[in-house]
Amino acid sequence: MPKQQSIDQGFTLIEILVGIIIIGIGAALATPSFLGLVERNRIKDAQVQLKGSLQEAQREAIKRGQNCRVFLPAADTANSKGEITIADNNGDTDDDDGEGCLVTGSRVMDGVLMSYAPTKNTDTNSFQFNFKGETGNNLDSGEMIFVIYTKNGDQINAYDQKCIVVSNPLGLIKTGNYEGYTNVASIAQDNCTPN
């Protein structure tokens, strides 16, 4: 006598619903951690790009034997796409006849904000290295401090703030984690701890 096969195969509706509920709970628990990871990586990437552009401008100033200026966006602003652009020697994003100090092109940092202090060139939001790779008399005080951060709505994210400090007059560049940024007036080198 041949074996009779069961016509019931597969999963029941209850088993499928339980599986979907378990997957949903796991996704709900993992999403905040994943979003935080994405935000931290975005800030770290912006720090690396900014440091790279400063070092590139410094190297080009030494190589060419002339001043190299990097134009920065206004502090605490981003364009409508949430991008910060760091431009070349004449303030545009084009390399006109080799004049640009950023030979690899302008840097675009997505989804972050940046503040910096102090600079004497507040009207043009620029930063300059001389032919020796030094900042010269470019700064009001002993260092230029950049703080990179994000906002949640109108509130500054107090965690995961990164900083870059450029010393005056030597132009030494160091990176670190920043603690306590609330506005441009609050920027201080003591809050930037090396990483």
# chains A, B, ... in the order shown; residues from 1 in each chain; ligands from 1
call {"tool": "closest_atom_pairs", "arguments": {"of": "segment 23-81 of chain A", "to": "segment 147-157 of chain A", "cutoff": "10 Å", "atoms": "only C-alpha atoms", "output": "tab-separated table"}}
result
residue	atom	partner	partner_atom	distance
A:Glu39	CA	A:Thr150	CA	7.8
A:Arg40	CA	A:Tyr149	CA	9.2
A:Arg42	CA	A:Thr150	CA	9.1
A:Ile43	CA	A:Tyr149	CA	6.4
A:Lys44	CA	A:Ile148	CA	8.6
A:Ala46	CA	A:Ile148	CA	7.3
A:Gln47	CA	A:Ile148	CA	6.9
A:Leu50	CA	A:Ile148	CA	9.4
A:Ala75	CA	A:Val147	CA	9.6
A:Asp76	CA	A:Tyr149	CA	9.3
call {"tool": "write_last_selection", "arguments": {"atoms": "N, CA and C atoms", "output": "tab-separated table (two decimals), in the first residue's frame"}}
result
chain	number	residue	atom	x	y	z
A	39	GLU	N	25.78	58.50	11.90
A	39	GLU	CA	26.10	59.89	12.26
A	39	GLU	C	27.55	60.03	12.71
A	40	ARG	N	28.04	59.12	13.53
A	40	ARG	CA	29.44	59.17	13.97
A	40	ARG	C	30.40	59.03	12.79
A	42	ARG	N	29.76	59.87	9.68
A	42	ARG	CA	29.65	61.10	8.89
A	42	ARG	C	30.54	62.20	9.49
A	43	ILE	N	30.52	62.33	10.81
A	43	ILE	CA	31.34	63.35	11.48
A	43	ILE	C	32.82	63.01	11.33
A	44	LYS	N	33.19	61.76	11.52
A	44	LYS	CA	34.59	61.35	11.38
A	44	LYS	C	35.08	61.57	9.95
A	46	ALA	N	33.98	63.79	7.82
A	46	ALA	CA	34.14	65.24	7.63
A	46	ALA	C	35.44	65.72	8.27
A	47	GLN	N	35.79	65.19	9.44
A	47	GLN	CA	37.04	65.57	10.09
A	47	GLN	C	38.24	65.17	9.23
A	50	LEU	N	38.40	67.55	6.17
A	50	LEU	CA	38.88	68.89	6.53
A	50	LEU	C	40.37	68.87	6.82
A	75	ALA	N	30.40	79.88	9.41
A	75	ALA	CA	30.27	78.98	10.56
A	75	ALA	C	28.80	78.66	10.82
A	76	ASP	N	28.55	77.43	11.24
A	76	ASP	CA	27.22	76.94	11.61
A	76	ASP	C	26.22	76.95	10.47
call {"tool": "closest_residue", "arguments": {"among": "A:Val165, A:Ala27, A:Ala117, A:Val18", "to": "Asn183 of chain A", "atoms": "only C-alpha atoms"}}
result
A:Ala117
call {"tool": "residues_around", "arguments": {"residues": "segment 173-182 of chain A", "least_positions_apart": "5", "cutoff": "10 Å", "atoms": "only C-alpha atoms", "output": "PyMOL selection string"}}
result
chain A and resi 44+47-48+51+54-55+115+143-149+155-168+187-195
call {"tool": "write_last_selection", "arguments": {"atoms": "N, CA and C atoms", "output": "tab-separated table (two decimals), in the first residue's frame"}}
result
chain	number	residue	atom	x	y	z
A	44	LYS	N	33.19	61.76	11.52
A	44	LYS	CA	34.59	61.35	11.38
A	44	LYS	C	35.08	61.57	9.95
A	47	GLN	N	35.79	65.19	9.44
A	47	GLN	CA	37.04	65.57	10.09
A	47	GLN	C	38.24	65.17	9.23
A	48	VAL	N	38.20	63.98	8.67
A	48	VAL	CA	39.29	63.51	7.82
A	48	VAL	C	39.40	64.38	6.57
A	51	LYS	N	40.82	67.90	7.60
A	51	LYS	CA	42.25	67.80	7.89
A	51	LYS	C	43.05	67.60	6.61
A	54	LEU	N	43.32	70.91	4.68
A	54	LEU	CA	44.28	71.82	5.32
A	54	LEU	C	45.71	71.37	5.05
A	55	GLN	N	45.97	70.08	5.17
A	55	GLN	CA	47.32	69.56	4.92
A	55	GLN	C	47.71	69.73	3.45
A	115	SER	N	31.99	74.77	12.78
A	115	SER	CA	32.28	76.10	13.32
A	115	SER	C	33.77	76.20	13.50
A	143	GLU	N	45.81	79.65	18.07
A	143	GLU	CA	45.40	78.50	17.29
A	143	GLU	C	44.08	78.77	16.57
A	144	MET	N	43.85	77.97	15.55
A	144	MET	CA	42.57	77.97	14.84
A	144	MET	C	41.90	76.66	15.20
A	145	ILE	N	40.68	76.70	15.69
A	145	ILE	CA	39.98	75.50	16.14
A	145	ILE	C	38.74	75.30	15.28
A	146	PHE	N	38.62	74.13	14.70
A	146	PHE	CA	37.45	73.74	13.92
A	146	PHE	C	36.68	72.72	14.73
A	147	VAL	N	35.36	72.88	14.81
A	147	VAL	CA	34.50	71.90	15.49
A	147	VAL	C	33.49	71.40	14.46
A	148	ILE	N	33.38	70.08	14.34
A	148	ILE	CA	32.46	69.45	13.40
A	148	ILE	C	31.41	68.71	14.22
A	149	TYR	N	30.14	68.93	13.89
A	149	TYR	CA	29.06	68.36	14.70
A	149	TYR	C	27.81	68.20	13.86
A	155	GLN	N	18.57	71.44	17.94
A	155	GLN	CA	19.44	71.15	19.07
A	155	GLN	C	20.76	70.52	18.60
A	156	ILE	N	21.88	71.06	19.11
A	156	ILE	CA	23.20	70.54	18.77
A	156	ILE	C	23.40	69.20	19.45
A	157	ASN	N	23.88	68.23	18.69
A	157	ASN	CA	24.19	66.92	19.24
A	157	ASN	C	25.42	67.06	20.14
A	158	ALA	N	25.25	66.87	21.43
A	158	ALA	CA	26.33	67.08	22.39
A	158	ALA	C	27.38	65.97	22.34
A	159	TYR	N	27.04	64.86	21.74
A	159	TYR	CA	27.97	63.73	21.64
A	159	TYR	C	28.56	63.71	20.23
A	160	ASP	N	29.63	63.03	20.09
A	160	ASP	CA	30.25	62.82	18.77
A	160	ASP	C	30.63	64.12	18.08
A	161	GLN	N	31.20	65.04	18.80
A	161	GLN	CA	31.74	66.26	18.20
A	161	GLN	C	33.23	66.04	17.97
A	162	LYS	N	33.72	66.41	16.80
A	162	LYS	CA	35.14	66.26	16.47
A	162	LYS	C	35.76	67.64	16.30
A	163	CYS	N	37.09	67.71	16.47
A	163	CYS	CA	37.77	69.00	16.34
A	163	CYS	C	39.10	68.83	15.63
A	164	ILE	N	39.55	69.94	15.07
A	164	ILE	CA	40.88	70.05	14.47
A	164	ILE	C	41.47	71.35	14.98
A	165	VAL	N	42.71	71.30	15.44
A	165	VAL	CA	43.39	72.50	15.94
A	165	VAL	C	44.62	72.74	15.07
A	166	VAL	N	44.74	73.98	14.56
A	166	VAL	CA	45.91	74.39	13.77
A	166	VAL	C	46.65	75.42	14.61
A	167	SER	N	47.92	75.14	14.93
A	167	SER	CA	48.67	76.04	15.80
A	167	SER	C	49.17	77.26	15.03
A	168	ASN	N	49.34	78.35	15.75
A	168	ASN	CA	49.86	79.59	15.18
A	168	ASN	C	51.20	79.87	15.85
A	187	ILE	N	34.00	78.04	21.69
A	187	ILE	CA	35.09	77.21	21.18
A	187	ILE	C	36.37	77.50	21.95
A	188	ALA	N	37.00	76.44	22.49
A	188	ALA	CA	38.25	76.58	23.23
A	188	ALA	C	39.12	75.35	22.99
A	189	GLN	N	40.42	75.56	22.88
A	189	GLN	CA	41.33	74.45	22.62
A	189	GLN	C	41.30	73.42	23.75
A	190	ASP	N	41.07	73.86	24.97
A	190	ASP	CA	41.05	72.93	26.11
A	190	ASP	C	39.96	71.87	25.98
A	191	ASN	N	38.91	72.16	25.21
A	191	ASN	CA	37.81	71.21	25.03
A	191	ASN	C	38.10	70.17	23.95
A	192	CYS	N	39.23	70.31	23.27
A	192	CYS	CA	39.61	69.38	22.20
A	192	CYS	C	40.66	68.41	22.75
A	193	THR	N	40.24	67.19	23.02
A	193	THR	CA	41.16	66.19	23.54
A	193	THR	C	41.64	65.29	22.40
A	194	PRO	N	42.95	65.08	22.28
A	194	PRO	CA	43.47	64.26	21.17
A	194	PRO	C	42.89	62.85	21.21
A	195	ASN	N	42.66	62.29	20.01
A	195	ASN	CA	42.15	60.91	19.97
A	195	ASN	C	43.24	59.95	19.61
call {"tool": "closest_residue", "arguments": {"among": "A:Val38, A:Ile23, A:Leu170, A:Ala74", "to": "Gly111 of chain A", "atoms": "only C-alpha atoms"}}
result
A:Val38
call {"tool": "closest_residue", "arguments": {"among": "A:Gln4, A:Asn125, A:Thr104, A:Ser186", "to": "Pro73 of chain A", "atoms": "only C-alpha atoms"}}
result
A:Asn125
call {"tool": "residues_around", "arguments": {"residues": "Phe129 of chain A", "least_positions_apart": "4", "cutoff": "10 Å", "atoms": "only C-alpha atoms", "output": "number ranges by chain"}}
result
A: 54-55, 57-62, 66-70, 133-138, 169-171
call {"tool": "atom_distance", "arguments": {"atom1": "atom CA of Leu29 of chain A", "atom2": "atom CA of Leu13 of chain A"}}
result
24.6 Å
call {"tool": "atom_distance", "arguments": {"atom1": "atom CA of Gly100 of chain A", "atom2": "atom CA of Gln49 of chain A"}}
result
16.6 Å
call {"tool": "atom_distance", "arguments": {"atom1": "atom CA of Gly65 of chain A", "atom2": "atom CA of Phe131 of chain A"}}
result
4.5 Å
